[in-house]
>>> print(open('model_24.txt').read())   # compact mmCIF, N, CA and C atoms
# COMPACT_ATOMS: atom_id res chain seq x y z
N MET A 25 -2.18 -46.95 -37.46
CA MET A 25 -1.67 -45.59 -37.48
C MET A 25 -1.08 -45.32 -38.85
N SER A 26 -1.13 -44.07 -39.17
CA SER A 26 -0.58 -43.70 -40.47
C SER A 26 0.93 -43.63 -40.38
N GLN A 27 1.54 -43.63 -41.53
CA GLN A 27 2.99 -43.64 -41.60
C GLN A 27 3.59 -42.37 -40.99
N GLU A 28 2.91 -41.24 -41.11
CA GLU A 28 3.40 -39.96 -40.56
C GLU A 28 3.50 -40.02 -39.03
N LYS A 29 2.49 -40.60 -38.42
CA LYS A 29 2.49 -40.71 -36.97
C LYS A 29 3.60 -41.64 -36.50
N VAL A 30 3.81 -42.69 -37.22
CA VAL A 30 4.85 -43.63 -36.85
C VAL A 30 6.22 -42.96 -36.95
N ASP A 31 6.43 -42.22 -38.01
CA ASP A 31 7.71 -41.51 -38.17
C ASP A 31 7.90 -40.47 -37.06
N TYR A 32 6.83 -39.79 -36.72
CA TYR A 32 6.90 -38.77 -35.66
C TYR A 32 7.28 -39.42 -34.33
N LYS A 33 6.66 -40.51 -33.99
CA LYS A 33 6.95 -41.21 -32.74
C LYS A 33 8.40 -41.70 -32.70
N LYS A 34 8.88 -42.23 -33.82
CA LYS A 34 10.27 -42.68 -33.88
C LYS A 34 11.23 -41.51 -33.66
N GLU A 35 10.91 -40.37 -34.26
CA GLU A 35 11.75 -39.18 -34.12
C GLU A 35 11.76 -38.71 -32.66
N GLN A 36 10.61 -38.76 -32.03
CA GLN A 36 10.51 -38.36 -30.63
C GLN A 36 11.36 -39.28 -29.74
N LYS A 37 11.33 -40.57 -30.01
CA LYS A 37 12.12 -41.51 -29.22
C LYS A 37 13.61 -41.28 -29.41
N LYS A 38 14.02 -40.93 -30.61
CA LYS A 38 15.44 -40.67 -30.87
C LYS A 38 15.90 -39.40 -30.13
N ASN A 39 15.05 -38.37 -30.11
CA ASN A 39 15.44 -37.07 -29.55
C ASN A 39 14.91 -36.85 -28.13
N ILE A 40 14.57 -37.90 -27.44
CA ILE A 40 13.98 -37.75 -26.12
C ILE A 40 14.93 -37.04 -25.16
N LYS A 41 16.24 -37.30 -25.25
CA LYS A 41 17.21 -36.65 -24.36
C LYS A 41 17.25 -35.14 -24.62
N LYS A 42 17.24 -34.73 -25.87
CA LYS A 42 17.26 -33.31 -26.22
C LYS A 42 15.99 -32.61 -25.74
N ILE A 43 14.86 -33.29 -25.91
CA ILE A 43 13.57 -32.70 -25.53
C ILE A 43 13.51 -32.52 -24.01
N VAL A 44 13.92 -33.53 -23.27
CA VAL A 44 13.91 -33.45 -21.81
C VAL A 44 14.85 -32.35 -21.34
N ARG A 45 16.01 -32.24 -21.98
CA ARG A 45 16.98 -31.20 -21.61
C ARG A 45 16.39 -29.81 -21.85
N LYS A 46 15.72 -29.59 -22.97
CA LYS A 46 15.11 -28.29 -23.26
C LYS A 46 14.03 -27.96 -22.24
N ARG A 47 13.21 -28.97 -21.86
CA ARG A 47 12.18 -28.74 -20.87
C ARG A 47 12.78 -28.34 -19.52
N LYS A 48 13.85 -29.02 -19.11
CA LYS A 48 14.50 -28.71 -17.84
C LYS A 48 15.07 -27.30 -17.85
N ILE A 49 15.72 -26.95 -18.96
CA ILE A 49 16.31 -25.61 -19.08
C ILE A 49 15.21 -24.54 -19.02
N SER A 50 14.12 -24.74 -19.75
CA SER A 50 13.04 -23.75 -19.74
C SER A 50 12.39 -23.66 -18.35
N HIS A 51 12.30 -24.80 -17.66
CA HIS A 51 11.75 -24.79 -16.30
C HIS A 51 12.66 -24.01 -15.34
N VAL A 52 13.96 -24.23 -15.44
CA VAL A 52 14.91 -23.52 -14.57
C VAL A 52 14.89 -22.03 -14.87
N ILE A 53 14.88 -21.67 -16.14
CA ILE A 53 14.84 -20.25 -16.53
C ILE A 53 13.56 -19.59 -16.00
N GLY A 54 12.44 -20.27 -16.16
CA GLY A 54 11.17 -19.74 -15.66
C GLY A 54 11.19 -19.55 -14.15
N THR A 55 11.76 -20.51 -13.44
CA THR A 55 11.85 -20.43 -11.98
C THR A 55 12.74 -19.26 -11.55
N VAL A 56 13.87 -19.10 -12.23
CA VAL A 56 14.80 -18.01 -11.89
C VAL A 56 14.14 -16.65 -12.15
N VAL A 57 13.47 -16.49 -13.27
CA VAL A 57 12.81 -15.23 -13.59
C VAL A 57 11.73 -14.93 -12.54
N PHE A 58 10.95 -15.94 -12.20
CA PHE A 58 9.91 -15.75 -11.18
C PHE A 58 10.53 -15.33 -9.85
N ALA A 59 11.62 -15.98 -9.45
CA ALA A 59 12.28 -15.66 -8.19
C ALA A 59 12.81 -14.22 -8.21
N VAL A 60 13.39 -13.79 -9.32
CA VAL A 60 13.92 -12.42 -9.43
C VAL A 60 12.78 -11.40 -9.31
N VAL A 61 11.67 -11.67 -9.96
CA VAL A 61 10.52 -10.76 -9.89
C VAL A 61 9.98 -10.69 -8.47
N VAL A 62 9.84 -11.83 -7.81
CA VAL A 62 9.33 -11.84 -6.44
C VAL A 62 10.29 -11.12 -5.50
N CYS A 63 11.58 -11.36 -5.64
CA CYS A 63 12.57 -10.66 -4.80
C CYS A 63 12.53 -9.16 -5.04
N GLY A 64 12.36 -8.76 -6.27
CA GLY A 64 12.25 -7.33 -6.59
C GLY A 64 11.04 -6.70 -5.94
N MET A 65 9.91 -7.38 -5.98
CA MET A 65 8.70 -6.85 -5.36
C MET A 65 8.85 -6.77 -3.84
N ILE A 66 9.43 -7.80 -3.23
CA ILE A 66 9.64 -7.78 -1.78
C ILE A 66 10.61 -6.66 -1.40
N GLY A 67 11.66 -6.51 -2.18
CA GLY A 67 12.62 -5.43 -1.92
C GLY A 67 11.98 -4.06 -2.05
N TRP A 68 11.16 -3.89 -3.07
CA TRP A 68 10.48 -2.61 -3.28
C TRP A 68 9.53 -2.32 -2.12
N LEU A 69 8.77 -3.31 -1.69
CA LEU A 69 7.85 -3.11 -0.57
C LEU A 69 8.63 -2.79 0.71
N GLY A 70 9.73 -3.48 0.93
CA GLY A 70 10.55 -3.22 2.11
C GLY A 70 11.12 -1.82 2.10
N PHE A 71 11.63 -1.39 0.96
CA PHE A 71 12.21 -0.06 0.84
C PHE A 71 11.14 1.01 1.05
N SER A 72 9.97 0.83 0.45
CA SER A 72 8.88 1.79 0.62
C SER A 72 8.44 1.86 2.08
N GLY A 73 8.35 0.71 2.72
CA GLY A 73 7.99 0.69 4.13
C GLY A 73 9.02 1.39 4.98
N TYR A 74 10.29 1.17 4.68
CA TYR A 74 11.37 1.82 5.43
C TYR A 74 11.29 3.33 5.29
N GLN A 75 11.06 3.81 4.06
CA GLN A 75 10.95 5.26 3.85
C GLN A 75 9.76 5.84 4.61
N THR A 76 8.64 5.13 4.60
CA THR A 76 7.46 5.61 5.30
C THR A 76 7.72 5.69 6.80
N ILE A 77 8.37 4.68 7.34
CA ILE A 77 8.65 4.66 8.78
C ILE A 77 9.63 5.77 9.16
N THR A 78 10.68 5.97 8.36
CA THR A 78 11.66 7.01 8.69
C THR A 78 11.04 8.40 8.57
N LYS A 79 10.15 8.60 7.60
CA LYS A 79 9.46 9.89 7.49
C LYS A 79 8.60 10.13 8.72
N ALA A 80 7.88 9.11 9.15
CA ALA A 80 7.02 9.25 10.32
C ALA A 80 7.85 9.56 11.56
N LYS A 81 9.00 8.89 11.71
CA LYS A 81 9.85 9.14 12.86
C LYS A 81 10.42 10.56 12.82
N SER A 82 10.82 11.03 11.63
CA SER A 82 11.39 12.37 11.54
C SER A 82 10.31 13.42 11.82
N ASN A 83 9.08 13.17 11.39
CA ASN A 83 7.99 14.10 11.70
C ASN A 83 7.69 14.11 13.19
N ASP A 84 7.71 12.94 13.84
CA ASP A 84 7.48 12.88 15.28
C ASP A 84 8.61 13.59 16.02
N ALA A 85 9.84 13.40 15.56
CA ALA A 85 10.98 14.02 16.24
C ALA A 85 10.90 15.54 16.15
N SER A 86 10.50 16.06 14.99
CA SER A 86 10.40 17.51 14.86
C SER A 86 9.26 18.04 15.70
N ALA A 87 8.19 17.27 15.86
CA ALA A 87 7.08 17.70 16.70
C ALA A 87 7.49 17.72 18.16
N GLU A 88 8.33 16.77 18.56
CA GLU A 88 8.80 16.73 19.94
C GLU A 88 9.76 17.88 20.22
N LYS A 89 10.49 18.34 19.23
CA LYS A 89 11.48 19.39 19.44
C LYS A 89 10.87 20.77 19.52
N SER A 90 9.63 20.96 19.07
CA SER A 90 9.02 22.29 19.13
C SER A 90 8.63 22.59 20.57
N ILE A 91 9.12 23.71 21.06
CA ILE A 91 8.90 24.11 22.44
C ILE A 91 8.16 25.44 22.44
N PRO A 92 7.03 25.51 23.10
CA PRO A 92 6.33 26.79 23.16
C PRO A 92 7.12 27.78 24.02
N ILE A 93 7.16 29.02 23.57
CA ILE A 93 7.94 30.05 24.25
C ILE A 93 6.98 31.10 24.80
N ASP A 94 7.18 31.46 26.05
CA ASP A 94 6.39 32.51 26.68
C ASP A 94 7.09 33.84 26.41
N MET A 95 6.44 34.71 25.65
CA MET A 95 7.04 35.97 25.24
C MET A 95 6.56 37.15 26.11
N ASP A 96 5.91 36.86 27.24
CA ASP A 96 5.36 37.93 28.07
C ASP A 96 6.43 38.90 28.57
N ALA A 97 7.52 38.36 29.06
CA ALA A 97 8.57 39.22 29.62
C ALA A 97 9.14 40.15 28.54
N LEU A 98 9.37 39.62 27.36
CA LEU A 98 9.92 40.43 26.27
C LEU A 98 8.91 41.50 25.85
N ASN A 99 7.65 41.15 25.77
CA ASN A 99 6.63 42.13 25.38
C ASN A 99 6.49 43.23 26.42
N GLU A 100 6.55 42.87 27.70
CA GLU A 100 6.49 43.89 28.75
C GLU A 100 7.68 44.83 28.66
N TYR A 101 8.85 44.27 28.38
CA TYR A 101 10.05 45.10 28.24
C TYR A 101 9.89 46.06 27.06
N MET A 102 9.36 45.56 25.96
CA MET A 102 9.16 46.41 24.79
C MET A 102 8.15 47.51 25.08
N LYS A 103 7.12 47.21 25.89
CA LYS A 103 6.14 48.24 26.25
C LYS A 103 6.78 49.31 27.13
N GLU A 104 7.70 48.91 28.01
CA GLU A 104 8.38 49.87 28.86
C GLU A 104 9.28 50.79 28.03
N ILE A 105 9.91 50.24 27.00
CA ILE A 105 10.80 51.04 26.15
C ILE A 105 10.01 51.98 25.27
N ALA A 106 8.86 51.58 24.79
CA ALA A 106 8.07 52.37 23.85
C ALA A 106 7.73 53.76 24.40
N PRO A 107 7.31 53.92 25.64
CA PRO A 107 7.01 55.29 26.13
C PRO A 107 8.25 56.17 26.14
N GLU A 108 9.41 55.62 26.45
CA GLU A 108 10.63 56.40 26.44
C GLU A 108 10.94 56.90 25.03
N GLU A 109 10.72 56.05 24.05
CA GLU A 109 10.95 56.46 22.66
C GLU A 109 9.96 57.53 22.25
N ASP A 110 8.71 57.39 22.72
CA ASP A 110 7.70 58.40 22.40
C ASP A 110 8.08 59.75 22.99
N ALA A 111 8.63 59.74 24.21
CA ALA A 111 9.02 60.99 24.86
C ALA A 111 10.15 61.66 24.09
N VAL A 112 11.11 60.88 23.62
CA VAL A 112 12.23 61.43 22.85
C VAL A 112 11.72 62.01 21.54
N GLU A 113 10.83 61.29 20.88
CA GLU A 113 10.29 61.76 19.61
C GLU A 113 9.45 63.02 19.79
N SER A 114 8.66 63.05 20.83
CA SER A 114 7.81 64.22 21.04
C SER A 114 8.65 65.44 21.42
N ALA A 115 9.77 65.24 22.09
CA ALA A 115 10.63 66.36 22.43
C ALA A 115 11.31 66.90 21.18
N GLU A 116 11.63 66.05 20.25
CA GLU A 116 12.29 66.50 19.03
C GLU A 116 11.34 67.26 18.13
N ASP A 117 10.15 66.71 17.96
CA ASP A 117 9.21 67.33 17.04
C ASP A 117 7.81 67.15 17.60
N VAL A 118 7.22 68.20 18.11
CA VAL A 118 5.92 68.15 18.75
C VAL A 118 4.82 67.97 17.71
N SER A 119 5.07 68.44 16.51
CA SER A 119 4.03 68.40 15.48
C SER A 119 3.81 67.02 14.87
N GLU A 120 4.53 66.04 15.27
CA GLU A 120 4.38 64.70 14.69
C GLU A 120 3.40 63.87 15.51
N GLY A 121 2.18 64.28 15.56
CA GLY A 121 1.13 63.56 16.30
C GLY A 121 0.74 62.27 15.60
N SER A 122 0.94 62.22 14.31
CA SER A 122 0.58 61.00 13.58
C SER A 122 1.48 59.83 13.96
N GLU A 123 2.74 60.13 14.32
CA GLU A 123 3.66 59.04 14.70
C GLU A 123 3.22 58.40 16.00
N GLU A 124 2.66 59.20 16.93
CA GLU A 124 2.19 58.64 18.19
C GLU A 124 1.06 57.66 17.94
N SER A 125 0.18 57.99 17.01
CA SER A 125 -0.91 57.06 16.69
C SER A 125 -0.35 55.81 16.02
N ASP A 126 0.73 55.97 15.24
CA ASP A 126 1.37 54.80 14.63
C ASP A 126 1.96 53.89 15.70
N VAL A 127 2.58 54.49 16.74
CA VAL A 127 3.17 53.72 17.83
C VAL A 127 2.07 52.97 18.57
N THR A 128 0.93 53.64 18.78
CA THR A 128 -0.19 53.00 19.46
C THR A 128 -0.68 51.81 18.64
N GLU A 129 -0.76 52.00 17.33
CA GLU A 129 -1.18 50.90 16.46
C GLU A 129 -0.18 49.75 16.52
N VAL A 130 1.11 50.07 16.59
CA VAL A 130 2.13 49.04 16.69
C VAL A 130 1.98 48.28 18.01
N GLU A 131 1.71 49.02 19.12
CA GLU A 131 1.51 48.37 20.41
C GLU A 131 0.31 47.45 20.37
N ASN A 132 -0.78 47.91 19.74
CA ASN A 132 -1.98 47.07 19.61
C ASN A 132 -1.68 45.82 18.78
N ALA A 133 -0.88 45.99 17.74
CA ALA A 133 -0.51 44.84 16.90
C ALA A 133 0.36 43.87 17.69
N ASP A 134 1.27 44.42 18.55
CA ASP A 134 2.10 43.55 19.40
C ASP A 134 1.24 42.75 20.36
N GLU A 135 0.24 43.39 20.96
CA GLU A 135 -0.64 42.69 21.90
C GLU A 135 -1.42 41.60 21.19
N THR A 136 -1.91 41.90 19.97
CA THR A 136 -2.64 40.90 19.20
C THR A 136 -1.74 39.73 18.84
N ALA A 137 -0.50 40.03 18.45
CA ALA A 137 0.44 38.97 18.11
C ALA A 137 0.76 38.12 19.35
N GLU A 138 0.86 38.79 20.50
CA GLU A 138 1.14 38.08 21.76
C GLU A 138 -0.02 37.12 22.07
N GLU A 139 -1.25 37.57 21.90
CA GLU A 139 -2.41 36.71 22.16
C GLU A 139 -2.40 35.51 21.22
N ASN A 140 -2.06 35.74 19.95
CA ASN A 140 -2.00 34.64 18.99
C ASN A 140 -0.93 33.64 19.36
N GLU A 141 0.24 34.12 19.84
CA GLU A 141 1.32 33.22 20.24
C GLU A 141 0.90 32.37 21.43
N VAL A 142 0.21 32.98 22.38
CA VAL A 142 -0.23 32.24 23.56
C VAL A 142 -1.24 31.18 23.15
N GLU A 143 -2.19 31.54 22.25
CA GLU A 143 -3.17 30.57 21.78
C GLU A 143 -2.49 29.43 21.04
N THR A 144 -1.49 29.75 20.22
CA THR A 144 -0.77 28.72 19.49
C THR A 144 -0.03 27.80 20.44
N ALA A 145 0.59 28.36 21.47
CA ALA A 145 1.31 27.54 22.46
C ALA A 145 0.33 26.63 23.19
N GLU A 146 -0.87 27.14 23.52
CA GLU A 146 -1.86 26.32 24.19
C GLU A 146 -2.33 25.20 23.28
N ASP A 147 -2.53 25.49 21.99
CA ASP A 147 -2.93 24.46 21.03
C ASP A 147 -1.88 23.38 20.92
N LEU A 148 -0.62 23.76 20.87
CA LEU A 148 0.47 22.78 20.76
C LEU A 148 0.53 21.89 21.99
N SER A 149 0.39 22.50 23.17
CA SER A 149 0.48 21.70 24.38
C SER A 149 -0.71 20.78 24.52
N SER A 150 -1.89 21.19 24.07
CA SER A 150 -3.06 20.32 24.17
C SER A 150 -3.00 19.21 23.13
N ASP A 151 -2.38 19.43 21.97
CA ASP A 151 -2.25 18.39 20.94
C ASP A 151 -1.31 17.30 21.39
N GLY A 152 -0.29 17.62 22.14
CA GLY A 152 0.71 16.66 22.56
C GLY A 152 0.21 15.74 23.65
N GLU A 153 -0.82 16.11 24.38
CA GLU A 153 -1.28 15.30 25.51
C GLU A 153 -2.22 14.24 25.11
>>> encode(input="model_24.txt", output="structure tokens")
Amino acid sequence: MSQEKVDYKKEQKKNIKKIVRKRKISHVIGTVVFAVVVCGMIGWLGFSGYQTITKAKSNDASAEKSIPIDMDALNEYMKEIAPEEDAVESAEDVSEGSEESDVTEVENADETAEENEVETAEDLSSDGE
């Protein structure tokens, strides 16, 4: 062996304790960093899963709380009141024939809205089953 190699080997033997200590320290540091990264990833996945589950539960809870309402009685009452209002208006001013057609249009719109509400209520009840 050349003299350089011999000197290198002697130096290594003298500093073996320092070299082993540096290797142990770097191994421990590497292990700690790896553990922190893995814990961070597990924590992030857990937190994301928790948020997803709570969102799903809150959406289910709001779906359970929606109650279809039957508006037939209220609409019938409004239809009974409408002719009385028409009679009062016609007594005040006979020449306002256009308002009567407006009231008829409003009644037709109420009936259409009532049909839409009933269809929506039926859709909601069929989705829940």
>>> atom_distance(input="model_24.txt", atom1="atom CA of Lys41 of chain A", atom2="atom N of Ala59 of chain A")
26.1 Å
>>> axis_aligned_box(input="model_24.txt", around="segment 33-39 of chain A", padding_each_side="4 Å", output="AutoDock Vina command-line options")
--center_x 11.3 --center_y -39.8 --center_z -31.2 --size_x 17.2 --size_y 13.8 --size_z 14.1
>>> atom_distance(input="model_24.txt", atom1="atom C of Glu28 of chain A", atom2="atom CA of Lys42 of chain A")
20.0 Å
>>> atom_distance(input="model_24.txt", atom1="atom N of Lys46 of chain A", atom2="atom C of Lys34 of chain A")
16.6 Å
